[in-house]
$ cat run.cif   # mmCIF, C-alpha atoms
data_coords
#
loop_
_atom_site.label_atom_id
_atom_site.label_comp_id
_atom_site.auth_asym_id
_atom_site.auth_seq_id
_atom_site.Cartn_x
_atom_site.Cartn_y
_atom_site.Cartn_z
CA MET B 1 289.68 7.17 221.42
CA ALA B 2 288.06 10.56 221.97
CA VAL B 3 284.30 10.83 221.51
CA PRO B 4 283.48 13.18 218.61
CA VAL B 5 281.66 16.37 219.55
CA ILE B 6 279.14 17.94 217.18
CA LEU B 7 277.42 21.30 217.53
CA ALA B 8 273.91 21.03 216.06
CA SER B 9 273.88 24.63 214.96
CA GLY B 10 274.82 26.94 212.15
CA SER B 11 275.84 29.64 214.64
CA ARG B 12 279.36 30.85 214.00
CA THR B 13 279.44 32.48 217.45
CA ARG B 14 278.67 29.23 219.27
CA LEU B 15 281.22 27.33 217.24
CA GLU B 16 283.90 29.92 217.96
CA LEU B 17 283.12 29.87 221.68
CA LEU B 18 283.74 26.12 221.80
CA GLU B 19 286.83 26.23 219.59
CA ARG B 20 288.40 29.08 221.58
CA ALA B 21 287.76 27.09 224.76
CA GLY B 22 289.87 24.29 223.29
CA ILE B 23 287.11 21.90 222.21
CA THR B 24 287.60 19.91 219.02
CA VAL B 25 284.14 20.22 217.48
CA THR B 26 282.39 20.15 214.13
CA ALA B 27 279.14 21.93 213.31
CA GLU B 28 276.14 20.50 211.51
CA ALA B 29 273.05 22.68 211.26
CA ALA B 30 269.77 20.88 211.94
CA ALA B 31 266.72 21.71 209.82
CA VAL B 32 264.00 22.73 212.27
CA ASP B 33 260.89 24.86 211.63
CA GLU B 34 261.49 27.20 214.56
CA ALA B 35 258.64 29.57 213.70
CA GLU B 36 256.05 26.78 213.80
CA ILE B 37 257.37 25.39 217.08
CA LYS B 38 257.47 28.83 218.72
CA ALA B 39 253.93 29.56 217.56
CA GLY B 40 252.76 26.30 219.14
CA PHE B 41 254.41 27.11 222.47
CA GLN B 42 253.01 30.65 222.44
CA ALA B 43 249.52 29.35 221.71
CA LYS B 44 249.80 27.19 224.84
CA GLY B 45 251.04 30.16 226.90
CA ALA B 46 254.33 28.36 227.60
CA ALA B 47 257.37 30.06 229.07
CA ALA B 48 260.29 31.08 226.88
CA GLU B 49 262.49 28.62 228.81
CA ALA B 50 260.33 25.66 227.77
CA CYS B 51 260.42 26.69 224.12
CA ALA B 52 264.18 27.27 224.10
CA GLU B 53 264.86 23.86 225.68
CA ALA B 54 262.50 22.10 223.28
CA LEU B 55 264.18 23.70 220.26
CA ALA B 56 267.66 22.89 221.56
CA GLY B 57 266.63 19.27 222.12
CA LEU B 58 265.02 18.92 218.71
CA LYS B 59 268.11 20.26 216.94
CA ALA B 60 270.38 17.89 218.86
CA ARG B 61 268.05 14.92 218.25
CA ARG B 62 268.05 15.48 214.48
CA ILE B 63 271.84 15.28 214.34
CA SER B 64 272.15 12.54 216.99
CA GLN B 65 269.97 10.24 214.88
CA ARG B 66 272.51 10.52 212.06
CA ARG B 67 275.59 10.48 214.29
CA PRO B 68 274.77 8.19 217.24
CA GLU B 69 278.43 7.79 218.24
CA ALA B 70 278.89 11.53 218.92
CA LEU B 71 278.12 13.87 221.77
CA VAL B 72 275.73 16.29 220.09
CA ILE B 73 275.21 19.76 221.54
CA GLY B 74 271.98 21.59 220.81
CA ALA B 75 271.32 25.17 221.86
CA ASP B 76 268.67 27.81 221.44
CA GLN B 77 268.09 31.34 222.62
CA MET B 78 264.95 33.41 223.23
CA VAL B 79 264.42 37.11 223.90
CA ASP B 80 261.38 37.81 226.10
CA CYS B 81 260.31 41.40 226.77
CA ASP B 82 257.07 41.84 228.70
CA GLY B 83 255.81 38.49 227.39
CA ILE B 84 256.64 39.27 223.76
CA TRP B 85 259.18 36.98 222.06
CA PHE B 86 261.66 38.42 219.59
CA ASP B 87 263.26 36.34 216.84
CA LYS B 88 266.19 37.05 214.58
CA PRO B 89 265.10 39.97 212.38
CA ALA B 90 264.42 39.20 208.73
CA ASP B 91 266.06 42.41 207.49
CA LEU B 92 267.48 45.71 208.75
CA ALA B 93 264.03 47.32 208.83
CA ALA B 94 262.85 44.55 211.17
CA ALA B 95 266.03 44.97 213.24
CA ARG B 96 265.22 48.66 213.66
CA THR B 97 261.68 47.82 214.78
CA HIS B 98 262.98 45.25 217.30
CA LEU B 99 265.48 47.67 218.80
CA GLN B 100 262.89 50.43 219.04
CA ALA B 101 260.60 48.04 220.93
CA LEU B 102 263.40 47.04 223.34
CA ARG B 103 264.76 50.58 223.81
CA GLY B 104 264.62 51.83 227.40
CA LYS B 105 263.34 48.48 228.71
CA THR B 106 264.72 45.46 230.53
CA HIS B 107 264.31 42.12 228.76
CA ARG B 108 265.27 38.52 229.48
CA LEU B 109 267.59 36.52 227.27
CA VAL B 110 267.06 32.80 227.85
CA THR B 111 269.61 30.29 226.60
CA ALA B 112 269.10 26.52 226.69
CA ALA B 113 271.67 23.84 225.91
CA VAL B 114 271.36 20.05 225.75
CA VAL B 115 273.70 17.16 224.97
CA LEU B 116 272.53 13.88 223.44
CA ARG B 117 274.35 10.69 222.48
CA GLY B 118 272.66 8.01 220.42
CA GLY B 119 269.42 9.96 220.71
CA THR B 120 269.52 9.78 224.52
CA PRO B 121 269.56 13.03 226.52
CA LEU B 122 272.60 13.15 228.82
CA TRP B 123 272.60 16.73 230.07
CA HIS B 124 270.72 19.99 229.84
CA THR B 125 270.80 23.46 231.33
CA ILE B 126 268.89 26.71 231.04
CA SER B 127 270.40 30.06 231.93
CA GLN B 128 269.19 33.60 231.60
CA ALA B 129 270.48 37.14 231.62
CA LYS B 130 268.66 40.43 232.15
CA LEU B 131 269.63 43.23 229.80
CA THR B 132 268.57 46.85 230.08
CA MET B 133 268.75 48.93 226.92
CA ARG B 134 269.40 52.60 227.34
CA PRO B 135 267.00 55.13 225.82
CA PHE B 136 269.20 55.80 222.77
CA SER B 137 268.24 58.30 220.08
CA ASP B 138 266.93 57.44 216.64
CA ALA B 139 270.09 59.01 215.22
CA PHE B 140 272.24 56.62 217.26
CA LEU B 141 270.07 53.70 216.14
CA ASP B 142 270.52 54.63 212.48
CA ASP B 143 274.31 54.91 212.96
CA TYR B 144 274.41 51.58 214.78
CA LEU B 145 272.54 49.73 212.06
CA ARG B 146 274.62 51.34 209.33
CA GLN B 147 277.90 50.36 211.01
CA ALA B 148 276.84 46.90 212.20
CA GLY B 149 275.11 46.04 208.92
CA THR B 150 273.59 42.66 208.23
CA ALA B 151 275.60 41.02 211.06
CA VAL B 152 272.74 41.98 213.41
CA LEU B 153 270.42 39.65 211.49
CA SER B 154 272.15 36.62 213.03
CA SER B 155 271.28 37.72 216.57
CA VAL B 156 267.95 37.44 218.40
CA GLY B 157 267.11 40.95 219.51
CA ALA B 158 269.32 42.38 216.71
CA TYR B 159 272.30 43.15 218.90
CA GLN B 160 275.76 41.71 219.37
CA LEU B 161 277.03 42.48 222.85
CA GLU B 162 280.57 41.41 222.00
CA GLY B 163 280.88 44.29 219.52
CA LEU B 164 279.21 47.59 218.72
CA GLY B 165 276.00 46.35 220.33
CA ALA B 166 277.52 46.99 223.77
CA GLN B 167 276.68 50.65 223.21
CA LEU B 168 272.96 49.81 223.22
CA PHE B 169 272.94 48.88 226.92
CA ASP B 170 272.96 50.49 230.35
CA ARG B 171 273.17 47.26 232.32
CA VAL B 172 273.67 43.53 231.80
CA GLU B 173 272.99 41.08 234.63
CA GLY B 174 274.05 37.49 234.05
CA ASP B 175 276.64 35.35 232.38
CA PHE B 176 278.35 36.82 229.30
CA PHE B 177 278.47 33.44 227.53
CA THR B 178 274.72 33.07 228.03
CA VAL B 179 274.23 36.35 226.18
CA LEU B 180 276.42 35.08 223.33
CA GLY B 181 274.22 31.99 222.98
CA LEU B 182 275.87 29.16 224.92
CA PRO B 183 276.09 28.49 228.70
CA LEU B 184 279.75 27.66 228.20
CA LEU B 185 281.02 27.06 231.74
CA PRO B 186 278.43 24.43 232.74
CA LEU B 187 278.83 22.80 229.32
CA LEU B 188 282.60 22.59 229.82
CA GLY B 189 281.93 20.94 233.18
CA PHE B 190 279.83 18.29 231.46
CA LEU B 191 282.44 17.71 228.75
CA ARG B 192 285.15 17.43 231.42
CA GLY B 193 283.13 14.74 233.18
CA HIS B 194 282.86 12.78 229.90
CA GLY B 195 286.55 12.79 229.08
CA VAL B 196 286.37 15.31 226.23
CA ILE B 197 288.75 17.66 228.08
CA ARG B 198 291.10 17.01 230.98
CA PRO B 199 289.70 17.34 234.52
#
$ encode --input "run.cif" --output "structure tokens"
Amino acid sequence: MAVPVILASGSRTRLELLERAGITVTAEAAAVDEAEIKAGFQAKGAAAEACAEALAGLKARRISQRRPEALVIGADQMVDCDGIWFDKPADLAAARTHLQALRGKTHRLVTAAVVLRGGTPLWHTISQAKLTMRPFSDAFLDDYLRQAGTAVLSSVGAYQLEGLGAQLFDRVEGDFFTVLGLPLLPLLGFLRGHGVIRP
């Protein structure tokens, strides 16, 4: 009998990535105080990678405690620009401020993923991409936010590369799935090795 797979996330994008790749998966969001955890890591001067992995692990652990029979996937993503971390914007005004701060600069997008079963870590990976935003005009920024609307609030950095957000960039270096929030190819390799999908 196939092992159930659970995504410990409320991210529609991550769920769709797994479903489109042929994975039978359910999603259960884990209640985690991300702001408090990030503040703690920043106070210690920790790297964005360490924070992303810790958050991914905590989310997966919360669900794995309730569903010990399942393979539970946790994931988290961090935007780091010159040592400043950017979260999902609270509203469109915050999204505008984020994009103005990132405009014309190269930033790192760090994505961590972990898999637990019965509370035991089985696998983890961290990947990153470098994204260079072009020096777009304020008029373009206003048009972008008007057209994209509140969808940008679900994305760290306030962009969605798979859609209109592609126009914000001059260059993207790294894995496309990492940018979308899940290191999909290595995760599929793990799931293949555990009989979730055919080798």
$ atom_distance --input "run.cif" --atom1 "CA of Glu19 (chain B)" --atom2 "CA of Val179 (chain B)"
17.5 Å
$ closest_atom_pairs --input "run.cif" --of "region 26-112 of chain B" --to "region 128-150 of chain B" --cutoff "12 Å" --atoms "all atoms listed in the file" --output "tab-separated table"
residue	atom	partner	partner_atom	distance
B:Ala48	CA	B:Gln128	CA	10.4
B:Glu49	CA	B:Gln128	CA	8.8
B:Ala52	CA	B:Gln128	CA	11.0
B:Asp76	CA	B:Gln128	CA	11.7
B:Gln77	CA	B:Gln128	CA	9.3
B:Met78	CA	B:Gln128	CA	9.4
B:Val79	CA	B:Gln128	CA	9.7
B:Asp80	CA	B:Lys130	CA	9.8
B:Cys81	CA	B:Leu131	CA	10.0
B:Lys88	CA	B:Thr150	CA	11.2
B:Pro89	CA	B:Thr150	CA	9.8
B:Ala90	CA	B:Thr150	CA	9.8
B:Asp91	CA	B:Thr150	CA	7.6
B:Leu92	CA	B:Thr150	CA	6.8
B:Ala93	CA	B:Leu145	CA	9.4
B:Ala94	CA	B:Leu145	CA	11.0
B:Ala95	CA	B:Leu145	CA	8.2
B:Arg96	CA	B:Leu141	CA	7.4
B:Thr97	CA	B:Leu141	CA	10.3
B:His98	CA	B:Leu141	CA	11.1
B:Leu99	CA	B:Leu141	CA	8.0
B:Gln100	CA	B:Leu141	CA	8.4
B:Ala101	CA	B:Met133	CA	10.2
B:Leu102	CA	B:Met133	CA	6.7
B:Arg103	CA	B:Met133	CA	5.3
B:Gly104	CA	B:Pro135	CA	4.4
B:Lys105	CA	B:Thr132	CA	5.6
B:Thr106	CA	B:Thr132	CA	4.1
B:His107	CA	B:Leu131	CA	5.5
B:Arg108	CA	B:Lys130	CA	4.7
B:Leu109	CA	B:Ala129	CA	5.3
B:Val110	CA	B:Gln128	CA	4.4
B:Thr111	CA	B:Gln128	CA	6.0
B:Ala112	CA	B:Gln128	CA	8.6
$ resolve_selection --input "run.cif" --expression "the PyMOL selection byres ((chain B and resi 17) around 12)" --output "PyMOL selection string"
chain B and resi 7+11-16+18-25+162+176-185+187-188
$ write_last_selection --input "run.cif" --atoms "C-alpha atoms" --output "short mmCIF file (atom, residue, chain, number, x, y, z; two decimals), keeping the file's coordinate frame"
data_model
loop_
_atom_site.label_atom_id
_atom_site.label_comp_id
_atom_site.auth_asym_id
_atom_site.auth_seq_id
_atom_site.Cartn_x
_atom_site.Cartn_y
_atom_site.Cartn_z
CA LEU B 7 277.42 21.30 217.53
CA SER B 11 275.84 29.64 214.64
CA ARG B 12 279.36 30.85 214.00
CA THR B 13 279.44 32.48 217.45
CA ARG B 14 278.67 29.23 219.27
CA LEU B 15 281.22 27.33 217.24
CA GLU B 16 283.90 29.92 217.96
CA LEU B 18 283.74 26.12 221.80
CA GLU B 19 286.83 26.23 219.59
CA ARG B 20 288.40 29.08 221.58
CA ALA B 21 287.76 27.09 224.76
CA GLY B 22 289.87 24.29 223.29
CA ILE B 23 287.11 21.90 222.21
CA THR B 24 287.60 19.91 219.02
CA VAL B 25 284.14 20.22 217.48
CA GLU B 162 280.57 41.41 222.00
CA PHE B 176 278.35 36.82 229.30
CA PHE B 177 278.47 33.44 227.53
CA THR B 178 274.72 33.07 228.03
CA VAL B 179 274.23 36.35 226.18
CA LEU B 180 276.42 35.08 223.33
CA GLY B 181 274.22 31.99 222.98
CA LEU B 182 275.87 29.16 224.92
CA PRO B 183 276.09 28.49 228.70
CA LEU B 184 279.75 27.66 228.20
CA LEU B 185 281.02 27.06 231.74
CA LEU B 187 278.83 22.80 229.32
CA LEU B 188 282.60 22.59 229.82
#
$ atom_distance --input "run.cif" --atom1 "CA of Ile37 (chain B)" --atom2 "CA of Ile126 (chain B)"
18.1 Å
$ atom_distance --input "run.cif" --atom1 "CA of Pro186 (chain B)" --atom2 "CA of Ala166 (chain B)"
24.3 Å
$ closest_residue --input "run.cif" --among "B:Phe86, B:Ile63, B:Leu71, B:Ala8" --to "Tyr159 (chain B)" --atoms "all atoms listed in the file"
B:Phe86
$ closest_residue --input "run.cif" --among "B:Asp170, B:Asp175, B:Glu34, B:Asp87" --to "Val156 (chain B)" --atoms "only C-alpha atoms"
B:Asp87
$ closest_residue --input "run.cif" --among "B:Gly83, B:Ala158, B:Leu164, B:Ala151" --to "Ala46 (chain B)" --atoms "only C-alpha atoms"
B:Gly83
$ closest_residue --input "run.cif" --among "B:Leu116, B:Ala70, B:Ala35, B:Leu122" --to "Pro4 (chain B)" --atoms "all atoms listed in the file"
B:Ala70
$ resolve_selection --input "run.cif" --expression "the PyMOL selection byres ((chain B and resi 120) around 12)" --output "JSON, numbers by chain"
{"B": [57, 58, 60, 61, 62, 63, 64, 65, 67, 68, 69, 70, 71, 72, 73, 114, 115, 116, 117, 118, 119, 121, 122, 123, 124]}
